[in-house]
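Encoded as structure tokens, the structure appears first; notes follow it.
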Amino acid sequence: MPSVHEVRAEITASVWKVVVEEGQMIAEGDEIVILESMKMEIPVITEVPGVVRELHVEPAQTVQEGDLIALIDES
Amino acid sequence: MSGDRDSGERSEQARPESTVHEWGPLIGELARRKELALGMGGADRVERQHSLGKLTVRERLEILVDPGTWVEYGLLADHMDAGLGDRYLAADGAVTGVGQIDGRLVAIAAYDFTVMAGSMGRVGEDKIKRLRAHALDKRMPMVWLLDSAGARIQATSGSSFAGAGDLFREQVAMSGVVPMVAAMLGHCAAGTAYIPGLADFVPMVKGTSSMALGGRHLVKAAVGEDVTEDEMGGSGVHTKISGVADLEVADDRECLETVRRYLSFFPSHNREAPPVRASDDPVDRRVEELYDIVPTAPRRAYDVRKVVTAIVDDGDVLWMKPAWAKNLVTGLARIGGAPIGVVANQPMVLGGALDVNAADKAARFVWLCDAFNIPLVFLHDVPGFIVGSAVEKQGIIRHGAKMLFAVSEATVPKISVVMRKSYGAGYFVMNGLAYEADYIVAWPTAEIAVMGPDGAVAIIHRRTLEAVPVEEQAQRRLELAEEIRANIDPYVAAGHAQLDDVIDPADTRAAIARGLEVSAAKRVERPWRKHGVLPV
């Protein structure tokens, strides 16, 4: 059964870069976005392979810990 | 169970000359009883155990212990409980004894799920108590194989509960004297959940094991929650979310092999040095892979596990709690064949910043290694502790203090390698110079300071920046940051002799080996006290 996987922020941060586009195929471990916090680039990766269904952030936006970053259709 | 007198009389008639020395029936009865005990809960129960994807207690011991070394205690035990009638409980559901792992003695207590769900009966617990005493008196590690439903509440001894609990107190007394391992091989509730809670190392089999203070039925009755054992206390919960367990393993065999591997890093007790094994990996091997692994750009992330793997003997690391608090990695490895405990910041997760769980994970690992004379190696790349209201509510000061406490208290040789950033209290808790670092070196990329240049600009030059026109602020901020960066260059620290050396990253393995060699005889005396007041 394909399922929808949620990618969430692990830390309060600002969004530095969005690496993927909606509809893009991704592999397990691929970067979805890169956050900036604690003076570090923090890559947010997907733990499942699939297709990016929705992106919920854009560059320069602030995210709180637990905020939804993307939905992945797991394949 | 009174023996078979008839067969004895028959053989007397056949061989009348041996009437005074008729051992046959006695030996036969002994063999019958032993065979019955080795049959565990019976063929049906053994089949059920296998159908659950689990091995039997006897099969587990065969994997755990060196062949031919098992000395069993109390094989012929039974429940001896009038309330259970004439029902036979093999070994009273708890197989105990002493065996060898890699040629060294280990006391083992293994619950047998095929015997009344491995429930803790009085006789079985008496047997395990005897093994705990044996482990402590003879100074050998204790291993529990846990596959038990918890207390045997059907037993008639319920009214004696007020006298119970010695198992946990004794385990506390053993802590830091002999290594303790609790292997989770089944669903364990209540009593059998505090045993791992007090053990040093807890591997869990995925899918078939769990631990929870209250079992599923009790939870339903007490709080109305309807959950499976796996949802409540499976390996997913305890290795990823709670941090109670150390490692998730695929099956019983991998679990038992992991226990053997874990113990290979430890001495039998705290007055002994950890075992050194022969290694063909030269201690002065240059680690040029590090040039590719670690970016010189300070903000760029990388996987620090690759750094650790590249540095240690044969790339062999036993990661502890690898799926929990991933912003800091801890692992057991060797350099020059001698065990070390590695603590490293992980820039790939949360930028390597420290939070409550990372501090907790590090403190516990440092206490573990220090208790058993395993030198510590700290690899710094830390932007500091996470700040903000969220972490204050979680008690970051208390948890940060715990890590400070553990690192300060540790008297084993402590080596530090500052790879890139090491800011603020992050530098202290990662064993900065002032923390009795026995050898502290840095890479040319190292930045040791109270905070990073960008943060420092925001605080030191806030007024200056406010006076600059808005469109020029970004440029001015960069210039000021560069001025500050010039002062946190490792050669400033080296110039003050606050670093013992600045090294080529490719020489990191050799530097750690040198540091360990010159610190091997370390002895630290502290003022007498009963114990510190631990900020846990």
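Lettering and numbering for the structure tokens are positional, with chains as A, B, ... in the shown order, residues counted from 1 in each chain, and ligands counted from 1 in the shown order.
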Hey, what's within 9 Å of Ala273 of chain B if we count only C-alpha atoms and toss same-chain stuff fewer than 4 positions away? As a VMD selection string, please? chain B and resid 266 to 269 372 to 374
Taking C-alpha atoms for each residue, export the selection above as an mmCIF file, in the first residue's frame.
data_model
loop_
_atom_site.group_PDB
_atom_site.id
_atom_site.type_symbol
_atom_site.label_atom_id
_atom_site.label_comp_id
_atom_site.auth_asym_id
_atom_site.auth_seq_id
_atom_site.Cartn_x
_atom_site.Cartn_y
_atom_site.Cartn_z
ATOM 1 C CA PHE B 266 34.787 -4.218 28.270
ATOM 2 C CA PRO B 267 36.941 -5.513 31.097
ATOM 3 C CA SER B 268 35.307 -8.131 33.351
ATOM 4 C CA HIS B 269 35.097 -5.527 36.121
ATOM 5 C CA PHE B 372 35.114 0.634 32.920
ATOM 6 C CA ASN B 373 38.410 2.386 32.149
ATOM 7 C CA ILE B 374 37.692 2.960 28.477
#
When you look at Ala481 of chain B with a cut-off of 7 Å (counting only C-alpha atoms), what residues show up, excluding the ones that are within fewer than 5 positions of it in the same chain? I need them as a list in words. Pro453, Asp454 and Val457 of chain B
Work out how far apart atom CA of Val18 of chain A and atom CA of Val57 of chain A are and give it in Å to one decimal.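 Computing it gives 7.9 Å between the two atoms.
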When you get a sec, could you note down which chain A residues fall within 12 Å of chain B, using only C-alpha atoms, as a PyMOL selection string? chain A and resi 9-13+29+31+34-45+64-66
Alpha helix (DSSP H) residues, from DSSP on the backbone, in segment 257-380 of chain B, as an NGL selection string: :B and (257-263 or 289-293 or 304-311 or 356-371)
Generate a file of the selected residues that holds N, CA and C atoms, formatted as an mmCIF file, in the first residue's frame.
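Everything below was put into selection-v1.cif:
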data_model
loop_
_atom_site.group_PDB
_atom_site.id
_atom_site.type_symbol
_atom_site.label_atom_id
_atom_site.label_comp_id
_atom_site.auth_asym_id
_atom_site.auth_seq_id
_atom_site.Cartn_x
_atom_site.Cartn_y
_atom_site.Cartn_z
ATOM 1 N N GLU B 257 24.650 -12.122 19.255
ATOM 2 C CA GLU B 257 25.975 -11.830 18.701
ATOM 3 C C GLU B 257 26.398 -10.405 19.059
ATOM 4 N N THR B 258 25.412 -9.498 19.128
ATOM 5 C CA THR B 258 25.700 -8.117 19.518
ATOM 6 C C THR B 258 26.139 -8.036 20.986
ATOM 7 N N VAL B 259 25.534 -8.871 21.823
ATOM 8 C CA VAL B 259 25.939 -8.901 23.239
ATOM 9 C C VAL B 259 27.400 -9.338 23.352
ATOM 10 N N ARG B 260 27.761 -10.364 22.593
ATOM 11 C CA ARG B 260 29.159 -10.834 22.600
ATOM 12 C C ARG B 260 30.089 -9.703 22.131
ATOM 13 N N ARG B 261 29.668 -9.024 21.075
ATOM 14 C CA ARG B 261 30.501 -7.956 20.517
ATOM 15 C C ARG B 261 30.644 -6.803 21.515
ATOM 16 N N TYR B 262 29.531 -6.436 22.139
ATOM 17 C CA TYR B 262 29.565 -5.348 23.132
ATOM 18 C C TYR B 262 30.567 -5.688 24.242
ATOM 19 N N LEU B 263 30.461 -6.886 24.791
ATOM 20 C CA LEU B 263 31.329 -7.249 25.917
ATOM 21 C C LEU B 263 32.803 -7.315 25.515
ATOM 22 N N GLU B 289 41.101 10.187 3.475
ATOM 23 C CA GLU B 289 39.677 10.266 3.123
ATOM 24 C C GLU B 289 39.026 11.480 3.779
ATOM 25 N N LEU B 290 39.587 11.901 4.920
ATOM 26 C CA LEU B 290 38.964 13.015 5.657
ATOM 27 C C LEU B 290 38.935 14.297 4.834
ATOM 28 N N TYR B 291 39.884 14.448 3.916
ATOM 29 C CA TYR B 291 39.870 15.639 3.053
ATOM 30 C C TYR B 291 38.580 15.688 2.218
ATOM 31 N N ASP B 292 38.093 14.519 1.827
ATOM 32 C CA ASP B 292 36.863 14.469 1.028
ATOM 33 C C ASP B 292 35.611 14.505 1.892
ATOM 34 N N ILE B 293 35.716 13.948 3.086
ATOM 35 C CA ILE B 293 34.521 13.831 3.934
ATOM 36 C C ILE B 293 34.130 15.176 4.549
ATOM 37 N N VAL B 304 29.401 12.750 10.258
ATOM 38 C CA VAL B 304 30.570 12.536 11.120
ATOM 39 C C VAL B 304 30.848 11.043 11.363
ATOM 40 N N ARG B 305 29.838 10.205 11.126
ATOM 41 C CA ARG B 305 30.086 8.753 11.308
ATOM 42 C C ARG B 305 31.165 8.271 10.351
ATOM 43 N N LYS B 306 31.224 8.921 9.171
ATOM 44 C CA LYS B 306 32.272 8.540 8.207
ATOM 45 C C LYS B 306 33.650 8.914 8.741
ATOM 46 N N VAL B 307 33.720 10.007 9.487
ATOM 47 C CA VAL B 307 34.990 10.433 10.077
ATOM 48 C C VAL B 307 35.444 9.400 11.111
ATOM 49 N N VAL B 308 34.503 9.011 11.976
ATOM 50 C CA VAL B 308 34.840 8.043 13.036
ATOM 51 C C VAL B 308 35.286 6.729 12.407
ATOM 52 N N THR B 309 34.504 6.254 11.444
ATOM 53 C CA THR B 309 34.808 4.979 10.793
ATOM 54 C C THR B 309 36.181 5.013 10.128
ATOM 55 N N ALA B 310 36.518 6.171 9.541
ATOM 56 C CA ALA B 310 37.805 6.282 8.842
ATOM 57 C C ALA B 310 38.983 6.256 9.814
ATOM 58 N N ILE B 311 38.760 6.763 11.033
ATOM 59 C CA ILE B 311 39.867 6.919 11.983
ATOM 60 C C ILE B 311 40.187 5.633 12.749
ATOM 61 N N VAL B 356 18.596 18.556 24.646
ATOM 62 C CA VAL B 356 18.493 17.799 25.902
ATOM 63 C C VAL B 356 18.847 16.328 25.708
ATOM 64 N N ASN B 357 18.358 15.726 24.639
ATOM 65 C CA ASN B 357 18.611 14.296 24.456
ATOM 66 C C ASN B 357 20.072 14.015 24.114
ATOM 67 N N ALA B 358 20.696 14.896 23.311
ATOM 68 C CA ALA B 358 22.108 14.686 22.978
ATOM 69 C C ALA B 358 22.967 14.774 24.237
ATOM 70 N N ALA B 359 22.637 15.722 25.114
ATOM 71 C CA ALA B 359 23.402 15.877 26.355
ATOM 72 C C ALA B 359 23.228 14.643 27.236
ATOM 73 N N ASP B 360 22.009 14.147 27.286
ATOM 74 C CA ASP B 360 21.684 12.965 28.071
ATOM 75 C C ASP B 360 22.437 11.735 27.541
ATOM 76 N N LYS B 361 22.402 11.578 26.225
ATOM 77 C CA LYS B 361 23.080 10.450 25.575
ATOM 78 C C LYS B 361 24.590 10.497 25.827
ATOM 79 N N ALA B 362 25.162 11.694 25.705
ATOM 80 C CA ALA B 362 26.607 11.831 25.900
ATOM 81 C C ALA B 362 26.988 11.562 27.352
ATOM 82 N N ALA B 363 26.213 12.120 28.293
ATOM 83 C CA ALA B 363 26.543 11.957 29.716
ATOM 84 C C ALA B 363 26.554 10.481 30.087
ATOM 85 N N ARG B 364 25.545 9.773 29.652
ATOM 86 C CA ARG B 364 25.451 8.359 29.996
ATOM 87 C C ARG B 364 26.612 7.569 29.386
ATOM 88 N N PHE B 365 26.954 7.875 28.163
ATOM 89 C CA PHE B 365 28.041 7.157 27.488
ATOM 90 C C PHE B 365 29.382 7.440 28.168
ATOM 91 N N VAL B 366 29.584 8.702 28.569
ATOM 92 C CA VAL B 366 30.830 9.074 29.255
ATOM 93 C C VAL B 366 30.916 8.340 30.599
ATOM 94 N N TRP B 367 29.810 8.298 31.347
ATOM 95 C CA TRP B 367 29.799 7.567 32.621
ATOM 96 C C TRP B 367 30.097 6.087 32.391
ATOM 97 N N LEU B 368 29.520 5.522 31.337
ATOM 98 C CA LEU B 368 29.746 4.102 31.023
ATOM 99 C C LEU B 368 31.228 3.832 30.764
ATOM 100 N N CYS B 369 31.833 4.609 29.893
ATOM 101 C CA CYS B 369 33.243 4.386 29.540
ATOM 102 C C CYS B 369 34.142 4.641 30.744
ATOM 103 N N ASP B 370 33.858 5.707 31.488
ATOM 104 C CA ASP B 370 34.701 6.043 32.642
ATOM 105 C C ASP B 370 34.639 4.939 33.692
ATOM 106 N N ALA B 371 33.447 4.375 33.896
ATOM 107 C CA ALA B 371 33.292 3.321 34.907
ATOM 108 C C ALA B 371 34.187 2.124 34.591
#
With only C-alpha atoms as the counted atoms, please give the residues lying no more than 12 Å from Arg152 of chain B, apart from itself and same-chain residues fewer than 6 positions off, as a compact mmCIF listing (two decimals) with C-alpha atoms, in the first residue's frame.
# COMPACT_ATOMS: atom_id res chain seq x y z
CA HIS B 79 8.20 -23.81 41.49
CA ASP B 81 4.51 -23.67 45.27
CA GLY B 83 -0.78 -23.19 45.03
CA LEU B 84 0.38 -24.39 41.60
CA ASP B 92 11.17 -22.59 37.37
CA GLY B 93 11.25 -20.64 34.10
CA VAL B 115 7.55 -22.07 31.01
CA MET B 116 4.53 -20.11 32.21
CA ALA B 117 5.40 -17.14 29.94
CA GLY B 118 8.78 -16.72 31.64
CA SER B 119 7.00 -15.31 34.66
CA MET B 120 9.11 -14.45 37.69
CA GLY B 121 8.52 -17.11 40.32
CA ARG B 122 10.08 -17.30 43.77
CA VAL B 123 12.52 -20.12 43.03
CA GLY B 124 13.57 -18.67 39.70
CA GLU B 125 14.20 -15.30 41.31
CA GLY B 158 1.48 -12.31 46.58
CA PHE B 161 5.37 -8.35 48.08
CA ALA B 189 6.45 -5.71 31.48
CA ALA B 190 6.89 -4.21 34.93
CA GLY B 191 9.55 -6.16 36.83
CA THR B 192 11.37 -7.25 33.72
Using only C-alpha atoms, determine which residues lie at most 7 Å from Lys421 of chain B, disregarding the query and same-chain residues fewer than 6 positions distant; provide the list as a PyMOL selection string. chain B and resi 380-383+446-448
Near Asp137 of chain B, counting only C-alpha atoms, which residues have an atom at most 12 Å away, once you skip same-chain residues fewer than 6 positions from it, shown as a PyMOL selection string? chain B and resi 107+130-131+173-174+177-178+268-269
How about saving the chosen residues, C-alpha atoms kept, as a PDB file, in the first residue's frame?
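out13.pdb written:
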ATOM      1  CA  ALA B 107      27.010 -14.805  34.684  1.00  0.00           C
ATOM      2  CA  ARG B 130      22.426 -16.189  43.463  1.00  0.00           C
ATOM      3  CA  LEU B 131      23.835 -15.350  40.011  1.00  0.00           C
ATOM      4  CA  ALA B 173      25.041  -1.931  43.701  1.00  0.00           C
ATOM      5  CA  MET B 174      26.522  -3.809  40.739  1.00  0.00           C
ATOM      6  CA  VAL B 177      31.493  -2.610  39.184  1.00  0.00           C
ATOM      7  CA  VAL B 178      30.696  -5.242  36.572  1.00  0.00           C
ATOM      8  CA  SER B 268      35.307  -8.131  33.351  1.00  0.00           C
ATOM      9  CA  HIS B 269      35.097  -5.527  36.121  1.00  0.00           C
TER      10      HIS B 269
END
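Atom to atom, atom CA of Thr239 of chain B and atom CA of Leu61 of chain B stand 24.5 Å apart.
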For the strand (DSSP E or B) assignment from backbone DSSP, which residues of segment 218-326 of chain B qualify? Please present them as a list in words. Gly234, Leu247, Glu248, Val249, Leu318, Trp319 and Met320 of chain B
d(atom CA of Ser3 of chain A, atom CA of Glu74 of chain A) in Å: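 About the pair atom CA of Ser3 of chain A and atom CA of Glu74 of chain A: they are 5.4 Å apart.
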Pick out the residues sitting within 9 Å of Ile101 of chain B, and hand them over as number ranges by chain; count only C-alpha atoms, and ignore anything fewer than 3 positions along from it in its own chain. B: 64-66, 69, 104-106, 260, 263-264
Can you tell me, as a PyMOL selection string, what residues are no more than 12 Å from Val237 of chain B when counting only C-alpha atoms, ignoring any on the same chain fewer than 6 positions away? chain B and resi 204+206-207+209-212+228-231+243-248+323-324
